[in-house]
Amino acid sequence: MIHGIRCTACCALAWGALAIGCAPAKPDPAQLSTVDSLITTTAAALLTLNELDAGRYHRLDSAYEATSSAFRARFNDTLDRTSARVLGDQYLLLRDARKLGDDHLRVATDLRATSERLHALRNDLAQGAIAPGKAGNLIDSERTQHAALTDEVYLVIANYRAVQQAWDRRDTVEQLLSAQALSVRP
């Protein structure tokens, strides 16, 4: 009987040591706050991109396909500086509309993936599954990636504004392109 008690006592001590060694780490409130801030700004950026009319890129790409030959013909004509600038800017934006739309979708996809990763990190931190030292490295990495992604979001927004301006000056461009057709008539 004494042998059984000693064996049970040793096992209990061993299990107790393991349980203490595997206890979850207490989450650092500053780290949780940092991750919460990253989650909030990521959600706001995604919401902003979702509010933009991504179909506008497709419509401008279609306009490029329909008018690219008219642009090239007009570029072979003598243009005043203002007309050349307007037509040149419009042509470049129409030509790049598909790529800009693809970039918009890619950044939105990256934001969704980042949001999922940050939520998982937040959950792991809150449950104490990550040691504070390792968590610091993970958070620093997320901050770096988040800064780069934020720059890309600003670029998408700037590109969208340029695309919106191109959309708004369609009538002016049509008049400039039709001026070519009028000057060619006998």
# chains A, B, ... in the order shown; residues from 1 in each chain; ligands from 1
call {"tool": "closest_atom_pairs", "arguments": {"of": "region 88-111 of chain A", "to": "region 34-49 of chain A", "cutoff": "12 Å", "atoms": "only C-alpha atoms", "output": "CSV"}}
result
residue,atom,partner,partner_atom,distance
A:Gly101,CA,A:Leu49,CA,11.3
A:Asp103,CA,A:Leu49,CA,11.3
A:His104,CA,A:Leu49,CA,7.6
A:Leu105,CA,A:Leu49,CA,8.8
A:Arg106,CA,A:Leu49,CA,10.9
A:Val107,CA,A:Leu49,CA,8.6
A:Ala108,CA,A:Leu46,CA,6.1
A:Thr109,CA,A:Leu46,CA,8.9
A:Asp110,CA,A:Leu46,CA,9.4
A:Leu111,CA,A:Leu46,CA,6.1
call {"tool": "residues_around", "arguments": {"residues": "Gly136 (chain A)", "least_positions_apart": "4", "cutoff": "12 Å", "atoms": "only C-alpha atoms", "output": "list in words"}}
result
Pro27, Asp28, Ala30, Gln31, Leu32, Thr34, Val35, Leu121, Leu125, Ile130, Ala131, Pro132, Asp140, Ser141, Glu142 and Arg143 of chain A
call {"tool": "select_by_dssp", "arguments": {"residues": "region 17-79 of chain A", "states": "helix (DSSP H, G or I)", "output": "JSON, numbers by chain"}}
result
{"A": [17, 18, 19, 20, 21, 29, 30, 31, 32, 33, 34, 35, 36, 37, 38, 39, 40, 41, 42, 43, 44, 45, 46, 47, 48, 49, 50, 51, 55, 56, 57, 58, 59, 60, 61, 62, 63, 64, 65, 66, 67, 68, 69, 70, 71, 72, 73, 74, 75]}
call {"tool": "write_last_selection", "arguments": {"atoms": "C-alpha atoms", "output": "JSON list (two decimals), in the first residue's frame"}}
result
[["chain", "number", "residue", "atom", "x", "y", "z"],
["A", 17, "ALA", "CA", 4.72, 20.64, -12.39],
["A", 18, "LEU", "CA", 3.55, 20.08, -15.97],
["A", 19, "ALA", "CA", 0.31, 21.93, -15.35],
["A", 20, "ILE", "CA", 2.17, 24.93, -13.94],
["A", 21, "GLY", "CA", 4.67, 24.82, -16.82],
["A", 29, "PRO", "CA", -2.74, 44.72, -22.23],
["A", 30, "ALA", "CA", -0.49, 46.97, -24.33],
["A", 31, "GLN", "CA", -0.01, 44.20, -26.89],
["A", 32, "LEU", "CA", -3.74, 43.51, -27.00],
["A", 33, "SER", "CA", -4.38, 47.22, -27.46],
["A", 34, "THR", "CA", -1.89, 47.41, -30.32],
["A", 35, "VAL", "CA", -3.47, 44.45, -32.10],
["A", 36, "ASP", "CA", -6.94, 45.94, -31.52],
["A", 37, "SER", "CA", -5.76, 49.17, -33.12],
["A", 38, "LEU", "CA", -4.39, 47.27, -36.14],
["A", 39, "ILE", "CA", -7.69, 45.38, -36.46],
["A", 40, "THR", "CA", -9.68, 48.63, -36.35],
["A", 41, "THR", "CA", -7.59, 50.42, -38.98],
["A", 42, "THR", "CA", -7.63, 47.34, -41.23],
["A", 43, "ALA", "CA", -11.42, 47.15, -40.99],
["A", 44, "ALA", "CA", -11.72, 50.87, -41.76],
["A", 45, "ALA", "CA", -9.45, 50.56, -44.81],
["A", 46, "LEU", "CA", -11.42, 47.58, -46.09],
["A", 47, "LEU", "CA", -14.69, 49.43, -45.56],
["A", 48, "THR", "CA", -13.31, 52.39, -47.52],
["A", 49, "LEU", "CA", -12.24, 50.23, -50.44],
["A", 50, "ASN", "CA", -15.58, 48.42, -50.46],
["A", 51, "GLU", "CA", -17.35, 51.78, -50.74],
["A", 55, "GLY", "CA", -17.00, 48.47, -61.61],
["A", 56, "ARG", "CA", -15.79, 51.85, -62.80],
["A", 57, "TYR", "CA", -12.44, 50.30, -63.75],
["A", 58, "HIS", "CA", -14.20, 47.83, -66.04],
["A", 59, "ARG", "CA", -16.28, 50.58, -67.65],
["A", 60, "LEU", "CA", -13.15, 52.64, -68.34],
["A", 61, "ASP", "CA", -11.36, 49.60, -69.72],
["A", 62, "SER", "CA", -14.30, 49.06, -72.07],
["A", 63, "ALA", "CA", -14.12, 52.73, -73.09],
["A", 64, "TYR", "CA", -10.42, 52.27, -73.83],
["A", 65, "GLU", "CA", -11.14, 49.29, -76.07],
["A", 66, "ALA", "CA", -13.80, 51.29, -77.92],
["A", 67, "THR", "CA", -11.79, 54.50, -78.37],
["A", 68, "SER", "CA", -8.11, 53.54, -78.51],
["A", 69, "SER", "CA", -7.98, 53.81, -82.30],
["A", 70, "ALA", "CA", -9.61, 57.26, -82.16],
["A", 71, "PHE", "CA", -7.01, 58.36, -79.62],
["A", 72, "ARG", "CA", -4.14, 57.13, -81.77],
["A", 73, "ALA", "CA", -5.58, 58.87, -84.83],
["A", 74, "ARG", "CA", -5.98, 62.09, -82.87],
["A", 75, "PHE", "CA", -2.42, 61.85, -81.57]]
call {"tool": "closest_residue", "arguments": {"among": "A:Ala120, A:Ser83, A:Leu138, A:Asn76", "to": "Gln175 (chain A)", "atoms": "only C-alpha atoms"}}
result
A:Ser83
call {"tool": "atom_distance", "arguments": {"atom1": "CA of Leu79 (chain A)", "atom2": "CA of Ala179 (chain A)"}}
result
10.5 Å
call {"tool": "closest_residue", "arguments": {"among": "A:Ala158, A:Val86, A:Leu118, A:Val163", "to": "Gln145 (chain A)", "atoms": "only C-alpha atoms"}}
result
A:Leu118
call {"tool": "closest_residue", "arguments": {"among": "A:Ser178, A:Thr144, A:Gln165, A:Glu116", "to": "Asp89 (chain A)", "atoms": "only C-alpha atoms"}}
result
A:Gln165
call {"tool": "decode", "arguments": {"residues": "region 90-101 of chain A", "atoms": "all heavy atoms", "output": "PDB file, in the first residue's frame"}}
result
ATOM      1  N   GLN A  90      -6.135  61.250 -70.317  1.00  0.00           N
ATOM      2  CA  GLN A  90      -7.280  60.342 -70.447  1.00  0.00           C
ATOM      3  C   GLN A  90      -6.850  59.007 -71.036  1.00  0.00           C
ATOM      4  O   GLN A  90      -7.239  57.945 -70.554  1.00  0.00           O
ATOM      5  CB  GLN A  90      -8.367  60.992 -71.322  1.00  0.00           C
ATOM      6  CG  GLN A  90      -9.657  60.243 -71.341  1.00  0.00           C
ATOM      7  CD  GLN A  90     -10.483  60.466 -70.085  1.00  0.00           C
ATOM      8  OE1 GLN A  90     -10.072  61.140 -69.148  1.00  0.00           O
ATOM      9  NE2 GLN A  90     -11.659  59.905 -70.067  1.00  0.00           N
ATOM     10  N   TYR A  91      -6.048  59.055 -72.074  1.00  0.00           N
ATOM     11  CA  TYR A  91      -5.592  57.827 -72.726  1.00  0.00           C
ATOM     12  C   TYR A  91      -4.819  56.942 -71.748  1.00  0.00           C
ATOM     13  O   TYR A  91      -5.051  55.727 -71.672  1.00  0.00           O
ATOM     14  CB  TYR A  91      -4.719  58.172 -73.936  1.00  0.00           C
ATOM     15  CG  TYR A  91      -4.192  56.962 -74.645  1.00  0.00           C
ATOM     16  CD1 TYR A  91      -4.978  56.257 -75.541  1.00  0.00           C
ATOM     17  CD2 TYR A  91      -2.898  56.504 -74.417  1.00  0.00           C
ATOM     18  CE1 TYR A  91      -4.498  55.135 -76.193  1.00  0.00           C
ATOM     19  CE2 TYR A  91      -2.405  55.385 -75.062  1.00  0.00           C
ATOM     20  CZ  TYR A  91      -3.210  54.704 -75.948  1.00  0.00           C
ATOM     21  OH  TYR A  91      -2.737  53.580 -76.584  1.00  0.00           O
ATOM     22  N   LEU A  92      -3.916  57.542 -70.991  1.00  0.00           N
ATOM     23  CA  LEU A  92      -3.116  56.769 -70.036  1.00  0.00           C
ATOM     24  C   LEU A  92      -3.993  56.132 -68.954  1.00  0.00           C
ATOM     25  O   LEU A  92      -3.787  54.973 -68.582  1.00  0.00           O
ATOM     26  CB  LEU A  92      -2.033  57.639 -69.401  1.00  0.00           C
ATOM     27  CG  LEU A  92      -0.926  58.107 -70.351  1.00  0.00           C
ATOM     28  CD1 LEU A  92      -0.010  59.096 -69.653  1.00  0.00           C
ATOM     29  CD2 LEU A  92      -0.153  56.933 -70.909  1.00  0.00           C
ATOM     30  N   LEU A  93      -4.963  56.884 -68.449  1.00  0.00           N
ATOM     31  CA  LEU A  93      -5.848  56.323 -67.423  1.00  0.00           C
ATOM     32  C   LEU A  93      -6.735  55.225 -67.987  1.00  0.00           C
ATOM     33  O   LEU A  93      -6.934  54.191 -67.350  1.00  0.00           O
ATOM     34  CB  LEU A  93      -6.702  57.419 -66.789  1.00  0.00           C
ATOM     35  CG  LEU A  93      -6.014  58.138 -65.653  1.00  0.00           C
ATOM     36  CD1 LEU A  93      -6.740  59.412 -65.284  1.00  0.00           C
ATOM     37  CD2 LEU A  93      -5.899  57.236 -64.452  1.00  0.00           C
ATOM     38  N   LEU A  94      -7.249  55.436 -69.181  1.00  0.00           N
ATOM     39  CA  LEU A  94      -8.074  54.390 -69.799  1.00  0.00           C
ATOM     40  C   LEU A  94      -7.246  53.131 -70.058  1.00  0.00           C
ATOM     41  O   LEU A  94      -7.704  52.013 -69.809  1.00  0.00           O
ATOM     42  CB  LEU A  94      -8.690  54.890 -71.113  1.00  0.00           C
ATOM     43  CG  LEU A  94      -9.740  55.987 -70.997  1.00  0.00           C
ATOM     44  CD1 LEU A  94     -10.184  56.437 -72.388  1.00  0.00           C
ATOM     45  CD2 LEU A  94     -10.925  55.550 -70.169  1.00  0.00           C
ATOM     46  N   ARG A  95      -6.030  53.327 -70.532  1.00  0.00           N
ATOM     47  CA  ARG A  95      -5.154  52.190 -70.822  1.00  0.00           C
ATOM     48  C   ARG A  95      -4.822  51.388 -69.562  1.00  0.00           C
ATOM     49  O   ARG A  95      -4.733  50.158 -69.594  1.00  0.00           O
ATOM     50  CB  ARG A  95      -3.865  52.700 -71.468  1.00  0.00           C
ATOM     51  CG  ARG A  95      -2.931  51.579 -71.899  1.00  0.00           C
ATOM     52  CD  ARG A  95      -1.601  52.097 -72.302  1.00  0.00           C
ATOM     53  NE  ARG A  95      -0.942  52.638 -71.109  1.00  0.00           N
ATOM     54  CZ  ARG A  95       0.168  53.346 -71.129  1.00  0.00           C
ATOM     55  NH1 ARG A  95       0.750  53.651 -72.265  1.00  0.00           N
ATOM     56  NH2 ARG A  95       0.709  53.785 -70.009  1.00  0.00           N
ATOM     57  N   ASP A  96      -4.668  52.072 -68.435  1.00  0.00           N
ATOM     58  CA  ASP A  96      -4.270  51.413 -67.190  1.00  0.00           C
ATOM     59  C   ASP A  96      -5.447  51.017 -66.301  1.00  0.00           C
ATOM     60  O   ASP A  96      -5.245  50.486 -65.206  1.00  0.00           O
ATOM     61  CB  ASP A  96      -3.335  52.316 -66.386  1.00  0.00           C
ATOM     62  CG  ASP A  96      -2.000  52.524 -67.079  1.00  0.00           C
ATOM     63  OD1 ASP A  96      -1.659  51.712 -67.969  1.00  0.00           O
ATOM     64  OD2 ASP A  96      -1.302  53.499 -66.741  1.00  0.00           O
ATOM     65  N   ALA A  97      -6.673  51.273 -66.739  1.00  0.00           N
ATOM     66  CA  ALA A  97      -7.851  51.038 -65.894  1.00  0.00           C
ATOM     67  C   ALA A  97      -7.945  49.589 -65.426  1.00  0.00           C
ATOM     68  O   ALA A  97      -8.250  49.326 -64.254  1.00  0.00           O
ATOM     69  CB  ALA A  97      -9.126  51.436 -66.630  1.00  0.00           C
ATOM     70  N   ARG A  98      -7.692  48.639 -66.290  1.00  0.00           N
ATOM     71  CA  ARG A  98      -7.786  47.227 -65.899  1.00  0.00           C
ATOM     72  C   ARG A  98      -6.768  46.903 -64.815  1.00  0.00           C
ATOM     73  O   ARG A  98      -7.084  46.251 -63.831  1.00  0.00           O
ATOM     74  CB  ARG A  98      -7.575  46.317 -67.102  1.00  0.00           C
ATOM     75  CG  ARG A  98      -7.664  44.841 -66.732  1.00  0.00           C
ATOM     76  CD  ARG A  98      -7.456  43.953 -67.914  1.00  0.00           C
ATOM     77  NE  ARG A  98      -8.487  44.275 -68.909  1.00  0.00           N
ATOM     78  CZ  ARG A  98      -8.590  43.675 -70.061  1.00  0.00           C
ATOM     79  NH1 ARG A  98      -7.742  42.738 -70.405  1.00  0.00           N
ATOM     80  NH2 ARG A  98      -9.535  44.004 -70.908  1.00  0.00           N
ATOM     81  N   LYS A  99      -5.538  47.371 -64.986  1.00  0.00           N
ATOM     82  CA  LYS A  99      -4.489  47.116 -63.987  1.00  0.00           C
ATOM     83  C   LYS A  99      -4.846  47.776 -62.650  1.00  0.00           C
ATOM     84  O   LYS A  99      -4.670  47.174 -61.592  1.00  0.00           O
ATOM     85  CB  LYS A  99      -3.145  47.643 -64.486  1.00  0.00           C
ATOM     86  CG  LYS A  99      -2.000  47.436 -63.513  1.00  0.00           C
ATOM     87  CD  LYS A  99      -0.775  48.195 -63.955  1.00  0.00           C
ATOM     88  CE  LYS A  99       0.308  48.176 -62.921  1.00  0.00           C
ATOM     89  NZ  LYS A  99      -0.031  48.736 -61.632  1.00  0.00           N
ATOM     90  N   LEU A 100      -5.368  48.989 -62.716  1.00  0.00           N
ATOM     91  CA  LEU A 100      -5.763  49.685 -61.487  1.00  0.00           C
ATOM     92  C   LEU A 100      -6.895  48.944 -60.783  1.00  0.00           C
ATOM     93  O   LEU A 100      -6.917  48.851 -59.553  1.00  0.00           O
ATOM     94  CB  LEU A 100      -6.177  51.124 -61.801  1.00  0.00           C
ATOM     95  CG  LEU A 100      -5.086  52.029 -62.370  1.00  0.00           C
ATOM     96  CD1 LEU A 100      -5.659  53.391 -62.726  1.00  0.00           C
ATOM     97  CD2 LEU A 100      -3.919  52.153 -61.424  1.00  0.00           C
ATOM     98  N   GLY A 101      -7.825  48.397 -61.547  1.00  0.00           N
ATOM     99  CA  GLY A 101      -8.910  47.609 -60.963  1.00  0.00           C
ATOM    100  C   GLY A 101      -8.388  46.336 -60.318  1.00  0.00           C
ATOM    101  O   GLY A 101      -8.837  45.946 -59.233  1.00  0.00           O
TER     102      GLY A 101
END
